[in-house]
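**Student:** One file is attached below, data.cif, containing mmCIF, C-alpha atoms.
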```
data_my_file
#
loop_
_atom_site.label_atom_id
_atom_site.label_comp_id
_atom_site.auth_asym_id
_atom_site.auth_seq_id
_atom_site.Cartn_x
_atom_site.Cartn_y
_atom_site.Cartn_z
CA MET A 88 149.00 132.34 193.55
CA GLU A 89 148.07 135.82 192.31
CA HIS A 90 148.15 134.55 188.73
CA LEU A 91 145.96 131.59 189.63
CA ALA A 92 143.45 133.94 191.26
CA LEU A 93 143.40 136.12 188.13
CA PHE A 94 142.86 133.05 185.94
CA MET A 95 139.88 132.03 188.05
CA GLU A 96 138.35 135.52 187.97
CA TYR A 97 138.21 135.22 184.17
CA HIS A 98 137.48 131.50 183.90
CA VAL A 99 134.51 131.53 186.29
CA PHE A 100 132.41 133.07 183.51
CA ALA A 101 133.17 130.06 181.32
CA VAL A 102 132.08 127.82 184.19
CA TRP A 103 128.83 129.76 184.42
CA ASP A 104 128.01 129.87 180.71
CA PHE A 105 128.76 126.16 180.41
CA MET A 106 125.75 125.63 182.67
CA SER A 107 123.67 127.90 180.44
CA LEU A 108 124.61 125.81 177.38
CA LEU A 109 123.62 122.67 179.25
CA LYS A 110 120.29 124.08 180.41
CA ALA A 111 119.56 125.29 176.86
CA LEU A 112 119.97 121.70 175.72
CA GLN A 113 117.74 120.42 178.49
CA MET A 114 115.04 122.95 177.63
CA ARG A 115 115.06 121.94 173.96
CA LEU A 116 115.45 118.19 174.35
CA THR A 117 113.27 117.46 177.38
CA CYS A 118 110.03 118.75 178.86
CA VAL A 119 110.69 121.32 181.59
CA GLY A 120 107.16 122.68 181.88
CA VAL A 121 103.69 121.52 182.85
CA PRO A 122 101.65 119.78 181.71
CA TRP A 123 104.40 117.28 180.99
CA LEU A 124 104.64 115.82 177.51
CA PRO A 125 107.09 113.32 176.04
CA ILE A 126 109.45 115.30 173.81
CA GLY A 127 111.87 113.99 171.23
CA ASP A 128 114.03 110.91 171.56
CA ALA A 129 113.99 109.26 175.00
CA ARG A 130 117.62 108.22 174.51
CA VAL A 131 118.64 111.86 174.11
CA ARG A 132 116.53 112.90 177.10
CA ARG A 133 118.36 110.41 179.28
CA LEU A 134 121.77 111.58 178.07
CA VAL A 135 121.16 115.26 178.75
CA ASN A 136 119.43 114.63 182.09
CA GLU A 137 122.34 112.50 183.30
CA ILE A 138 124.77 115.32 182.52
CA VAL A 139 122.52 117.86 184.27
CA LEU A 140 122.41 115.67 187.38
CA GLY A 141 126.19 115.67 187.69
CA GLU A 142 126.75 119.32 186.81
CA GLU A 143 123.88 120.97 188.67
CA SER A 144 123.70 118.81 191.81
CA ASP A 145 126.89 116.81 192.25
CA CYS A 146 127.79 114.98 195.46
CA MET A 147 130.51 116.39 197.70
CA PRO A 148 132.84 114.08 199.66
CA ALA A 149 131.17 115.36 202.80
CA GLY A 150 128.16 117.65 202.92
CA PRO A 151 125.20 118.49 200.69
CA ALA A 152 124.95 118.36 196.92
CA ILE A 153 126.27 121.37 195.03
CA SER A 154 126.48 122.67 191.48
CA HIS A 155 129.92 122.80 189.93
CA PHE A 156 129.54 126.56 189.51
CA GLU A 157 128.95 127.03 193.23
CA LEU A 158 131.85 124.69 193.96
CA TYR A 159 134.08 126.84 191.75
CA LEU A 160 133.05 129.95 193.68
CA GLN A 161 134.10 128.19 196.89
CA ALA A 162 137.45 127.39 195.30
CA MET A 163 137.87 131.03 194.26
CA ARG A 164 137.37 132.22 197.82
CA GLU A 165 139.84 129.61 199.07
CA VAL A 166 142.46 130.88 196.60
CA GLY A 167 141.75 134.51 197.47
CA ALA A 168 140.35 135.38 194.03
CA ASP A 169 138.07 138.40 193.77
CA THR A 170 134.46 137.31 193.20
CA THR A 171 133.08 140.85 192.91
CA ARG A 172 132.50 140.72 189.15
CA ILE A 173 130.82 137.35 189.04
CA ASP A 174 128.73 138.15 192.15
CA THR A 175 127.60 141.44 190.59
CA PHE A 176 126.85 139.69 187.30
CA ILE A 177 124.72 137.01 188.99
CA ALA A 178 122.92 139.67 191.05
CA GLY A 179 122.08 141.52 187.83
CA LEU A 180 120.64 138.36 186.28
CA ARG A 181 118.58 137.70 189.41
CA ALA A 182 117.21 141.23 189.09
CA GLY A 183 116.05 140.46 185.56
CA ASP A 184 118.82 142.14 183.56
CA PRO A 185 119.64 140.67 180.14
CA VAL A 186 123.01 138.94 179.95
CA SER A 187 124.59 141.79 177.96
CA ALA A 188 123.43 144.40 180.49
CA ALA A 189 124.60 142.28 183.43
CA LEU A 190 128.03 141.95 181.82
CA ARG A 191 128.29 145.73 181.45
CA SER A 192 127.09 146.41 185.00
CA ALA A 193 129.68 144.02 186.39
CA ALA A 194 132.48 145.65 184.32
CA VAL A 195 133.42 142.25 182.93
CA PRO A 196 136.61 142.42 180.80
CA ALA A 197 135.86 142.69 177.09
CA PRO A 198 137.38 139.31 176.07
CA VAL A 199 135.33 137.51 178.73
CA ALA A 200 132.16 139.36 177.70
CA ALA A 201 132.84 138.42 174.05
CA PHE A 202 133.18 134.76 175.03
CA VAL A 203 129.88 134.77 176.93
CA GLN A 204 128.08 136.66 174.18
CA GLN A 205 129.30 134.16 171.57
CA THR A 206 127.82 131.38 173.70
CA PHE A 207 124.50 133.17 174.04
CA GLY A 208 124.41 133.98 170.34
CA LEU A 209 124.52 130.23 169.76
CA ILE A 210 121.91 129.57 172.45
CA ASP A 211 119.57 132.19 170.98
CA HIS A 212 120.01 131.43 167.28
CA GLY A 213 121.66 128.01 166.92
CA GLN A 214 119.95 124.74 166.14
CA VAL A 215 119.94 122.09 168.83
CA HIS A 216 122.55 119.88 167.13
CA GLU A 217 124.85 122.91 166.86
CA ILE A 218 124.44 123.71 170.55
CA ALA A 219 125.10 120.06 171.42
CA ALA A 220 128.29 120.02 169.32
CA ALA A 221 129.60 123.24 170.87
CA PHE A 222 128.81 121.87 174.32
CA THR A 223 130.47 118.52 173.68
CA TYR A 224 133.50 119.37 171.56
CA GLY A 225 134.04 122.94 172.72
CA ARG A 226 133.72 122.07 176.41
CA GLU A 227 133.24 118.50 177.67
CA ASP A 228 135.55 116.63 175.31
CA LEU A 229 138.65 118.75 175.92
CA ILE A 230 138.33 119.12 179.71
CA PRO A 231 140.02 115.89 180.94
CA GLN A 232 143.34 116.47 179.17
CA LEU A 233 143.29 120.20 179.87
CA PHE A 234 142.52 119.87 183.57
CA SER A 235 144.92 116.92 184.04
CA GLN A 236 147.81 119.16 183.05
CA LEU A 237 146.55 121.91 185.32
CA VAL A 238 146.27 119.54 188.30
CA GLU A 239 149.85 118.37 187.79
CA GLN A 240 151.11 121.96 187.74
CA LEU A 241 149.09 122.97 190.81
CA GLN A 242 150.33 119.99 192.80
CA ARG A 243 153.91 120.81 191.85
CA ARG A 244 153.61 124.52 192.61
CA PHE A 245 151.27 124.40 195.61
CA PRO A 246 151.54 120.93 197.17
CA ASP A 247 148.75 119.93 199.56
CA ARG A 248 146.96 123.26 199.09
CA LEU A 249 143.91 124.37 197.10
CA GLY A 250 141.80 121.42 198.22
CA THR A 251 138.51 122.72 196.81
CA LEU A 252 139.98 123.63 193.43
CA ARG A 253 141.74 120.26 193.23
CA TYR A 254 138.46 118.50 193.97
CA TYR A 255 136.66 120.57 191.30
CA LEU A 256 139.31 119.73 188.70
CA ASP A 257 139.57 116.06 189.66
CA ARG A 258 135.79 115.70 189.58
CA HIS A 259 135.64 117.10 186.04
CA ILE A 260 138.47 114.83 184.90
CA GLU A 261 136.57 111.87 186.31
CA LEU A 262 133.10 112.80 185.02
CA ASP A 263 134.06 114.25 181.64
CA GLY A 264 136.64 111.58 180.92
CA ASP A 265 134.58 108.56 181.95
CA GLU A 266 130.96 109.65 181.55
CA HIS A 267 129.94 113.09 180.32
CA GLY A 268 132.27 113.25 177.33
CA GLU A 269 130.92 109.97 175.99
CA LEU A 270 127.33 110.96 176.78
CA GLY A 271 127.84 114.21 174.86
CA ARG A 272 129.28 112.41 171.84
CA GLN A 273 126.34 110.03 171.80
CA MET A 274 123.95 112.97 172.04
CA VAL A 275 125.53 114.72 169.03
CA GLU A 276 125.47 111.49 167.00
CA LEU A 277 121.80 110.92 167.72
CA LEU A 278 120.88 114.51 166.88
CA CYS A 279 122.79 114.36 163.59
CA GLU A 280 121.88 110.81 162.53
CA ASP A 281 119.28 111.86 159.95
CA GLY A 282 121.58 113.75 157.60
CA GLN A 283 125.13 114.75 156.64
CA HIS A 284 124.08 118.39 156.51
CA LYS A 285 123.48 118.43 160.26
CA GLY A 286 126.86 116.80 160.78
CA ARG A 287 128.59 119.60 158.87
CA GLU A 288 126.68 122.25 160.81
CA ALA A 289 127.59 120.58 164.09
CA SER A 290 131.26 120.45 163.11
CA ALA A 291 131.24 124.13 162.16
CA ALA A 292 129.63 125.08 165.50
CA ALA A 293 132.26 123.06 167.38
CA VAL A 294 135.07 124.86 165.55
CA VAL A 295 133.58 128.27 166.39
CA ALA A 296 133.28 127.24 170.04
CA LEU A 297 136.90 126.07 170.16
CA ARG A 298 138.15 129.28 168.54
CA SER A 299 136.17 131.29 171.09
CA ARG A 300 137.72 129.22 173.87
CA ILE A 301 141.23 129.82 172.50
CA ALA A 302 140.56 133.57 172.37
CA LEU A 303 139.52 133.46 176.03
CA TRP A 304 142.69 131.57 177.02
CA ASP A 305 144.80 134.08 175.07
CA ALA A 306 143.10 136.94 176.91
CA ILE A 307 143.78 135.28 180.27
CA ALA A 308 147.43 134.75 179.31
CA ASP A 309 147.72 138.41 178.29
CA ALA A 310 146.18 139.52 181.60
CA ILE A 311 148.59 137.35 183.59
CA MET A 312 151.58 138.61 181.60
CA GLY A 313 150.38 142.17 182.18
CA GLU A 314 150.25 141.54 185.94
CA HIS A 315 153.70 139.96 185.78
CA LYS A 316 155.16 142.97 183.98
CA ARG A 317 153.52 145.43 186.37
CA ALA A 318 154.87 143.50 189.34
CA GLY A 319 158.36 143.60 187.81
CA GLN A 320 158.12 147.34 187.18
CA SER A 321 156.99 147.93 190.76
CA LEU A 322 159.97 145.94 192.02
CA ILE A 323 162.36 147.96 189.83
CA CYS A 324 160.90 151.24 191.08
CA HIS A 325 161.24 150.05 194.68
CA VAL A 326 164.89 149.11 194.16
CA GLU A 327 165.66 152.44 192.49
CA LEU A 328 164.05 154.35 195.38
#
```
Just dump the structure as structure tokens.
**Tutor:**
Amino acid sequence: MEHLALFMEYHVFAVWDFMSLLKALQMRLTCVGVPWLPIGDARVRRLVNEIVLGEESDCMPAGPAISHFELYLQAMREVGADTTRIDTFIAGLRAGDPVSAALRSAAVPAPVAAFVQQTFGLIDHGQVHEIAAAFTYGREDLIPQLFSQLVEQLQRRFPDRLGTLRYYLDRHIELDGDEHGELGRQMVELLCEDGQHKGREASAAAVVALRSRIALWDAIADAIMGEHKRAGQSLICHVEL
């Protein structure tokens, strides 16, 4: 359970910056200001808005709508994970701090900060089809298989526990497997349909996003192994005493 809590303390930043990727797409592909104007392809607008609806204001089995980020925070508290860093980070953003400054103020581990900064480098400097590809193939498309394995392990290790986390994972398997993954693929295809050059750029952006994701997972694995070793050393010292 301690390892699961540590995983969530790192992973919550990926949950948060996923929402930032999505909102960056919505800002570029739809009109989010007034006066309203029709922007771009209506088919793309529908795709991105449908994904936003599910991610930013999903329905709970009982109770009000909630964003998946807020749901994940609930799951962290249920597990006993420390939310100090993410709470401090969000407070910094609310106060107007840039993302990089908020990361420093919250003492976010360097590998997590690097992951978030890679995402925001793409948001700030990438073209919309590159952002869409990173969002779809670096996030949405891989989630169902990834989370399905995690759910199986959690059920085996902690049967009938972790209800909120299980719901979060099951909801993403359902949405990303049946709806959002396909919507994202359609969005990338539409944004790249006017040239092979855009397709190559989108593919390259997806690869960078996946490599960044792998680096984050490696950092989480290293942190968990470090905790495991420290726990073993503490046990040895206790026995020797």
**Student:** What would the selection look like, as JSON, numbers by chain, if the PyMOL selection byres ((chain A and resi 301-306) around 10) were run on the coordinates I just shared?
**Tutor:** {"A": [94, 97, 98, 101, 196, 197, 198, 199, 200, 201, 202, 203, 225, 295, 296, 297, 298, 299, 300, 307, 308, 309, 310, 311, 312]}
**Student:** So, with only C-alpha atoms as the atoms that count, which of A:Val119, A:Met163, A:Cys146, A:Ala152 lies closest to Glu96 of chain A?
**Tutor:**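 Smallest separation from Glu96 of chain A among the options: A:Met163.
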**Student:** One decimal, in Å: what's the spacing between atom CA of His155 of chain A and atom CA of Glu142 of chain A?
**Tutor:**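 Separation between atom CA of His155 of chain A and atom CA of Glu142 of chain A: 5.6 Å.
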**Student:** Using atom CA of Asp128 of chain A and atom CA of Gly208 of chain A as the two end points, give the distance in Å to one decimal.
**Tutor:**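 So the two atoms, atom CA of Asp128 of chain A and atom CA of Gly208 of chain A, lie 25.3 Å apart.
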**Student:** Once you count all atoms listed in the file, which residues end up no further than 10 Å from (135.0, 133.6, 186.4) in the file's frame, shown as a ChimeraX atom specification?
**Tutor:** /A:92-104,156,159-160,163,168-174,195,199
**Student:** Have a look at atom CA of Met274 of chain A and atom CA of Arg115 of chain A and let me know their distance in Å, one decimal.
**Tutor:**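 For atom CA of Met274 of chain A relative to atom CA of Arg115 of chain A, the distance reads 12.8 Å.
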**Student:** Counting only C-alpha atoms, figure out which residue out of A:Ile126, A:Val166, A:Ile260, A:Val215 gets nearest to Ala111 of chain A.
**Tutor:**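 Once distances to Ala111 of chain A are computed over only C-alpha atoms, the minimum belongs to A:Val215.
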**Student:** Got a sec to resolve the PyMOL selection byres ((chain A and resi 258) around 10) on this structure and send the residues as a short mmCIF file (atom, residue, chain, number, x, y, z; two decimals) with C-alpha atoms, in the frame of the given file?
**Tutor:**
```
data_model
loop_
_atom_site.label_atom_id
_atom_site.label_comp_id
_atom_site.auth_asym_id
_atom_site.auth_seq_id
_atom_site.Cartn_x
_atom_site.Cartn_y
_atom_site.Cartn_z
CA GLY A 141 126.19 115.67 187.69
CA ASP A 145 126.89 116.81 192.25
CA CYS A 146 127.79 114.98 195.46
CA MET A 147 130.51 116.39 197.70
CA HIS A 155 129.92 122.80 189.93
CA PRO A 231 140.02 115.89 180.94
CA PHE A 234 142.52 119.87 183.57
CA LEU A 252 139.98 123.63 193.43
CA ARG A 253 141.74 120.26 193.23
CA TYR A 254 138.46 118.50 193.97
CA TYR A 255 136.66 120.57 191.30
CA LEU A 256 139.31 119.73 188.70
CA ASP A 257 139.57 116.06 189.66
CA HIS A 259 135.64 117.10 186.04
CA ILE A 260 138.47 114.83 184.90
CA GLU A 261 136.57 111.87 186.31
CA LEU A 262 133.10 112.80 185.02
CA ASP A 263 134.06 114.25 181.64
CA GLY A 264 136.64 111.58 180.92
#
```
**Student:** Kindly indicate which residue among A:Gly120, A:Ala194, A:Pro246, A:Leu241 lies nearest to Gly179 of chain A, using only C-alpha atoms for the distances.
**Tutor:**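 Nearest candidate to Gly179 of chain A out of A:Gly120, A:Ala194, A:Pro246, A:Leu241: A:Ala194.
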**Student:** Find the smallest box with edges along x, y and z containing every listed atom of segment 231-249 of chain A, then add 6 Å on each side and report centre and edge lengths in Å to one decimal, as AutoDock Vina command-line options.
**Tutor:**
```
--center_x 147.0 --center_y 120.2 --center_z 189.4 --size_x 25.9 --size_y 20.6 --size_z 32.4
```
**Student:** Tell me which of A:Ser187, A:Gln161, A:Thr206, A:Ser235 sits closest to Phe105 of chain A, counting all atoms listed in the file.
**Tutor:**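 For Phe105 of chain A, the nearest of the candidates is A:Thr206.
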**Student:** Just so the selection is clear, what residues does the PyMOL selection byres ((chain A and resi 289) around 12) cover here, as a ChimeraX atom specification?
**Tutor:** /A:209,213-225,272,274-280,282-288,290-296
**Student:** Copy segment 127-141 of chain A out of the block into a file, keeping all heavy atoms, as a tab-separated table (two decimals), in the first residue's frame.
**Tutor:**
```tsv
chain	number	residue	atom	x	y	z
A	127	GLY	N	-12.52	26.76	-37.16
A	127	GLY	CA	-12.05	25.48	-37.66
A	127	GLY	C	-13.16	24.55	-38.13
A	127	GLY	O	-14.24	24.96	-38.53
A	128	ASP	N	-12.84	23.27	-38.04
A	128	ASP	CA	-13.71	22.20	-38.53
A	128	ASP	C	-14.70	21.81	-37.44
A	128	ASP	O	-14.30	21.43	-36.33
A	128	ASP	CB	-12.84	21.00	-38.92
A	128	ASP	CG	-13.60	19.91	-39.63
A	128	ASP	OD1	-14.77	19.68	-39.30
A	128	ASP	OD2	-13.00	19.25	-40.51
A	129	ALA	N	-15.99	21.86	-37.74
A	129	ALA	CA	-17.01	21.53	-36.74
A	129	ALA	C	-16.88	20.09	-36.26
A	129	ALA	O	-17.20	19.77	-35.12
A	129	ALA	CB	-18.40	21.78	-37.31
A	130	ARG	N	-16.40	19.20	-37.14
A	130	ARG	CA	-16.21	17.80	-36.73
A	130	ARG	C	-15.15	17.71	-35.63
A	130	ARG	O	-15.32	16.96	-34.65
A	130	ARG	CB	-15.79	16.95	-37.93
A	130	ARG	CG	-16.84	16.84	-39.02
A	130	ARG	CD	-16.25	16.14	-40.24
A	130	ARG	NE	-15.14	16.91	-40.81
A	130	ARG	CZ	-14.34	16.46	-41.79
A	130	ARG	NH1	-14.53	15.25	-42.30
A	130	ARG	NH2	-13.38	17.23	-42.26
A	131	VAL	N	-14.08	18.46	-35.76
A	131	VAL	CA	-13.02	18.46	-34.76
A	131	VAL	C	-13.51	19.10	-33.46
A	131	VAL	O	-13.21	18.62	-32.36
A	131	VAL	CB	-11.76	19.21	-35.28
A	131	VAL	CG1	-10.70	19.30	-34.21
A	131	VAL	CG2	-11.21	18.49	-36.51
A	132	ARG	N	-14.28	20.19	-33.59
A	132	ARG	CA	-14.84	20.82	-32.39
A	132	ARG	C	-15.67	19.83	-31.59
A	132	ARG	O	-15.56	19.77	-30.36
A	132	ARG	CB	-15.71	22.02	-32.79
A	132	ARG	CG	-14.97	23.17	-33.41
A	132	ARG	CD	-15.76	24.47	-33.34
A	132	ARG	NE	-17.03	24.41	-34.05
A	132	ARG	CZ	-17.21	24.82	-35.31
A	132	ARG	NH1	-16.18	25.31	-36.00
A	132	ARG	NH2	-18.40	24.77	-35.88
A	133	ARG	N	-16.48	19.06	-32.26
A	133	ARG	CA	-17.32	18.09	-31.56
A	133	ARG	C	-16.46	17.04	-30.85
A	133	ARG	O	-16.73	16.67	-29.71
A	133	ARG	CB	-18.29	17.42	-32.53
A	133	ARG	CG	-19.22	16.41	-31.84
A	133	ARG	CD	-20.25	15.84	-32.80
A	133	ARG	NE	-21.12	14.91	-32.11
A	133	ARG	CZ	-22.21	15.25	-31.43
A	133	ARG	NH1	-22.56	16.53	-31.36
A	133	ARG	NH2	-22.95	14.34	-30.83
A	134	LEU	N	-15.44	16.56	-31.53
A	134	LEU	CA	-14.58	15.52	-30.95
A	134	LEU	C	-13.93	16.01	-29.67
A	134	LEU	O	-13.98	15.34	-28.63
A	134	LEU	CB	-13.52	15.10	-31.97
A	134	LEU	CG	-14.02	14.37	-33.22
A	134	LEU	CD1	-12.89	14.19	-34.22
A	134	LEU	CD2	-14.63	13.02	-32.86
A	135	VAL	N	-13.30	17.19	-29.72
A	135	VAL	CA	-12.58	17.68	-28.55
A	135	VAL	C	-13.55	18.03	-27.42
A	135	VAL	O	-13.28	17.78	-26.24
A	135	VAL	CB	-11.65	18.86	-28.91
A	135	VAL	CG1	-12.43	20.11	-29.24
A	135	VAL	CG2	-10.67	19.13	-27.77
A	136	ASN	N	-14.71	18.59	-27.75
A	136	ASN	CA	-15.67	18.96	-26.72
A	136	ASN	C	-16.27	17.72	-26.03
A	136	ASN	O	-16.56	17.75	-24.83
A	136	ASN	CB	-16.79	19.83	-27.30
A	136	ASN	CG	-16.36	21.27	-27.49
A	136	ASN	OD1	-15.49	21.78	-26.78
A	136	ASN	ND2	-16.95	21.94	-28.47
A	137	GLU	N	-16.45	16.64	-26.77
A	137	GLU	CA	-16.94	15.41	-26.16
A	137	GLU	C	-15.93	14.85	-25.16
A	137	GLU	O	-16.30	14.37	-24.10
A	137	GLU	CB	-17.26	14.37	-27.24
A	137	GLU	CG	-18.55	14.65	-27.99
A	137	GLU	CD	-18.97	13.47	-28.86
A	137	GLU	OE1	-18.46	12.37	-28.66
A	137	GLU	OE2	-19.83	13.68	-29.73
A	138	ILE	N	-14.65	14.93	-25.50
A	138	ILE	CA	-13.62	14.45	-24.58
A	138	ILE	C	-13.57	15.34	-23.34
A	138	ILE	O	-13.48	14.84	-22.21
A	138	ILE	CB	-12.25	14.40	-25.27
A	138	ILE	CG1	-12.28	13.42	-26.45
A	138	ILE	CG2	-11.17	13.98	-24.27
A	138	ILE	CD1	-11.01	13.42	-27.28
A	139	VAL	N	-13.66	16.65	-23.53
A	139	VAL	CA	-13.65	17.58	-22.39
A	139	VAL	C	-14.81	17.28	-21.45
A	139	VAL	O	-14.65	17.28	-20.22
A	139	VAL	CB	-13.71	19.04	-22.87
A	139	VAL	CG1	-13.96	19.99	-21.70
A	139	VAL	CG2	-12.40	19.42	-23.57
A	140	LEU	N	-15.99	17.02	-22.00
A	140	LEU	CA	-17.16	16.73	-21.17
A	140	LEU	C	-16.88	15.58	-20.23
A	140	LEU	O	-17.16	15.66	-19.02
A	140	LEU	CB	-18.36	16.41	-22.07
A	140	LEU	CG	-19.64	15.96	-21.34
A	140	LEU	CD1	-20.18	17.08	-20.47
A	140	LEU	CD2	-20.70	15.50	-22.35
A	141	GLY	N	-16.32	14.49	-20.75
A	141	GLY	CA	-16.06	13.33	-19.92
A	141	GLY	C	-14.94	13.53	-18.92
A	141	GLY	O	-15.00	13.03	-17.79
```
